[in-house]
Amino acid sequence: MSEDKKESLNFIEQIVEEDIKNGKHNGRVLTRFPPEPNGYLHIGHCKAISISFGIAQKYNGATNLRFDDTNPTTEDTEYVESIKKDIQWLGYQWQGEPLYASDYFGKLYGFAVKLIEKGLAYVDDSTPEEIAAMKGTPSIPGTNSTYKSRSVAENLQLFEDMKNGVYADGSKVLRANVDMTSPNMLMRDPIIYRIKKESHHRTGDTWCIYPMYDFAHGQSDSIEEITHSLCSLEFIHHRPLYEWFIDKLEIFPSKQYEFARMNVEYMITSKRKLLKLVQDKYVTGWDDPRMPTVSGMRRKGYPPMAIRNFCDKAGVAKRENTIEISLLESCVREELNKTALRTMVVLDPVKVVITNYPEGQSEKLQAENNPEDATAGHREITFGREIYIEREDFMENAPPKYFRMTPGSDVRLKHAYILHCTGVDKDENGEVSTIYATYYSNSRSGEDVSGIKPKGTLHWVSATESKPCEVRMYDRLFTVADPTGDDDVDFLTYYNQNSLTVIPTALMESNQDTPKVGIQYQFLRHGYFCVDVDSNEDKPIFNLTVGLKDSFAKEMKK
RNA sequence: UGACCCAUGGUGUAAUGGUAACACUCCGGUUUUUGGUACCGUCAUUCUAGGUUCGAGUCCUAGUGGGUCAACCA
């Protein structure tokens, strides 16, 4: 396992290694992943998960899963379950039981009291509008609230009354006493507790005051003795506050580090916009294979390891970035190439009659299940006088570099014989209805002594031994790489009307077992497909995971 | 009219003051009974201008460009 080349570290790994070297926290590494249970995990979360869990794993540490559930109005247990499932599916395991910021409501309340006692927090009766007005703007300093000068005793009493439900929602807040003139807006006496007489998904009606993010997150980290609290760049302005609370409260000094979140072409991560897609039926649900959600990618057939490798290869840094979707697809293909079972499926069938093959006769042929994996074994497929091939694999008047079937030329049938195309029937619309060919009986796969070397090889299915299936072809959800890049254009105008094409009448080999949900196939010469949850015994349904690279298509575009 | 973060090929990420690396894409080629896979090759004087140094992508200053911050959201 030793590398002769020194491994390069990202900036977080450098910090961690430096800390370990210096014996900080006795070399202990504890990270955390802190989702708010108010939505489904998506590709952006995968990145955050891969960083926080990955760092811990690399340095023999651990990661806490902590639900940041400080806002009862938006949060729900339903999301808790899906988040847990998605993390595990990705292949990560948190330390111990899942944790909740709400577990710390009691301690957080105590912290607030301590701050008040130190004269570092006060109850403010101002309206939201007044508080906003007093905040100033980034370039204009804020002004002090008249309530800022209340006595410690009065604040203590008022805060306790807030907790006891004496006051109406929104009538009072507890604010940290920091600095209204700070150039950092977050330091201008941030609100740390608000009154919300609402039931919490875990604490029920125990509390009617709830801490704000800034007063919950850092302290929760500290309570759990998190050593490295990794988050995205937009929290960078929160760091001084994070440290201020820890410092004033004199509690465990967790440290926050920020990295740039990952953007991916053709994918959006805005909760609001994702919800819009679902509600307005642009997609069939949160797990629609076109969605950038973990459940969507899972249903599309992306292997968890591919997603992990992708996050890894995308790297970690502090600058804005947009990763090309081709990197993700490359990771998916890399994974599936090793594992997917090969099979032949004809999406748009046209019949071929092999005129010199005896009527009523058939034979069994051996086909390898995966050329990349000798242990995957073989299967039998049936060959006979009539077969189906892909309509696009035939051209009556072919260009020079067309290696497929065309009258007068030879082409190989995968796992079978070489065919010589002799003619074609057309219907009244001029559409090819039947192709005629002869076969070279001495060209059987594996024992070919014909000496013929066709340039092309086609996939096919037997006319008698194939069965119909539905195939769902997916394309990018949007027509442009960055659908949310322009504030003046609704991202839905870039919705790709052709993002889903259903092929109800494809033909698959009938020799194999009934496809089970979760099994990954490679449809030869097409791409990787997985069995969809809608699939059943009578009607197998496949989802396109990702197409094979297609250098022929590229050639044709020129 | 303030503060903070950032700047390396088409896209990302490295190079930790000693002469630009890796991956993906692209283009070209070899192998191939998947136009797949595998393999090989081409593609950058590191935003600009000064400065420090024997030596700067790396350190300093200024500029330019991009991003972020004013929810009783997280």
# chains A, B, ... in the order shown; residues from 1 in each chain; ligands from 1

call {"tool": "closest_atom_pairs", "arguments": {"of": "chain B", "to": "chain A", "cutoff": "7 Å", "atoms": "only C-alpha atoms (C1' of nucleotides)", "output": "Markdown table"}}
result
| residue | atom | partner | partner_atom | distance |
| --- | --- | --- | --- | --- |
| B:U1 | C1' | A:Ser139 | CA | 6.4 |
| B:G2 | C1' | A:Ser139 | CA | 4.1 |
| B:A3 | C1' | A:Pro183 | CA | 5.1 |
| B:C4 | C1' | A:His237 | CA | 7.0 |
| B:C6 | C1' | A:Arg319 | CA | 5.2 |
| B:U11 | C1' | A:Glu324 | CA | 5.8 |
| B:G12 | C1' | A:Ala314 | CA | 5.8 |
| B:U13 | C1' | A:Gly315 | CA | 5.4 |
| B:A14 | C1' | A:Ser8 | CA | 6.5 |
| B:A23 | C1' | A:Lys313 | CA | 6.9 |
| B:C24 | C1' | A:Leu327 | CA | 5.0 |
| B:U33 | C1' | A:Lys414 | CA | 6.0 |
| B:U34 | C1' | A:Arg525 | CA | 5.0 |
| B:G35 | C1' | A:Phe552 | CA | 4.9 |
| B:G36 | C1' | A:Leu548 | CA | 6.3 |
| B:U68 | C1' | A:Glu234 | CA | 6.4 |
| B:C69 | C1' | A:Met185 | CA | 6.6 |
| B:A70 | C1' | A:Thr137 | CA | 5.0 |
| B:C72 | C1' | A:Arg194 | CA | 5.3 |
| B:A74 | C1' | A:Tyr213 | CA | 6.2 |

call {"tool": "write_last_selection", "arguments": {"atoms": "C-alpha atoms (C1' of nucleotides)", "output": "compact mmCIF listing (two decimals), in the first residue's frame"}}
result
# COMPACT_ATOMS: atom_id res chain seq x y z
C1' U B 1 -19.88 52.07 -1.06
C1' G B 2 -17.91 48.57 4.51
C1' A B 3 -15.99 43.64 5.60
C1' C B 4 -14.65 38.82 4.26
C1' C B 6 -11.14 33.45 -3.97
C1' U B 11 -13.49 21.60 -16.32
C1' G B 12 -11.63 20.47 -11.59
C1' U B 13 -7.62 19.54 -8.30
C1' A B 14 -2.00 19.39 -7.22
C1' A B 23 -8.15 13.23 -13.48
C1' C B 24 -12.21 14.24 -16.70
C1' U B 33 -16.34 -10.49 -32.03
C1' U B 34 -19.52 -4.18 -27.69
C1' G B 35 -17.75 2.12 -32.78
C1' G B 36 -17.53 -0.34 -25.27
C1' U B 68 -20.32 36.08 -0.08
C1' C B 69 -22.75 39.03 4.05
C1' A B 70 -28.34 43.07 6.02
C1' C B 72 -37.46 35.83 14.80
C1' A B 74 -30.14 26.49 8.46

call {"tool": "residues_around", "arguments": {"residues": "A62 in chain B", "least_positions_apart": "2", "cutoff": "12 Å", "atoms": "only C-alpha atoms (C1' of nucleotides)", "output": "list in words"}}
result
U48, A49, G50, G51, C60 and U64 of chain B

call {"tool": "residues_around", "arguments": {"residues": "range 92-99 of chain A", "least_positions_apart": "5", "cutoff": "9 Å", "atoms": "only C-alpha atoms (C1' of nucleotides)", "output": "ChimeraX atom specification"}}
result
/A:32-33,49-50,53-54,62-68,84,87

call {"tool": "select_by_dssp", "arguments": {"residues": "range 236-424 of chain A", "states": "strand (DSSP E)", "output": "PyMOL selection string"}}
result
chain A and resi 255-259+263-264+322-323+341-343+345-346+349-354+362-368+378-384+386-390+410-413+418-424

call {"tool": "residues_around", "arguments": {"residues": "U42 in chain B", "least_positions_apart": "4", "cutoff": "12 Å", "atoms": "only C-alpha atoms (C1' of nucleotides)", "output": "number ranges by chain"}}
result
B: 26-29

call {"tool": "closest_residue", "arguments": {"among": "A:Phe259, A:Tyr266, A:Tyr59, A:Tyr147", "to": "C5 in chain B", "atoms": "only C-alpha atoms (C1' of nucleotides)"}}
result
A:Phe259

call {"tool": "atom_distance", "arguments": {"atom1": "CA of Cys469 in chain A", "atom2": "CA of Gln361 in chain A"}}
result
25.5 Å

call {"tool": "closest_residue", "arguments": {"among": "B:U45, B:A15, B:A7, B:U25", "to": "G67 in chain B", "atoms": "only C-alpha atoms (C1' of nucleotides)"}}
result
B:A7

call {"tool": "closest_residue", "arguments": {"among": "A:Phe310, A:Phe215, A:Trp207, A:Tyr104", "to": "Arg239 in chain A", "atoms": "only C-alpha atoms"}}
result
A:Phe215

call {"tool": "closest_atom_pairs", "arguments": {"of": "range 203-294 of chain A", "to": "range 115-124 of chain A", "cutoff": "9 Å", "atoms": "only C-alpha atoms", "output": "tab-separated table"}}
result
residue	atom	partner	partner_atom	distance
A:Phe245	CA	A:Leu115	CA	8.8
A:Lys248	CA	A:Leu115	CA	7.5
A:Leu249	CA	A:Leu115	CA	7.1
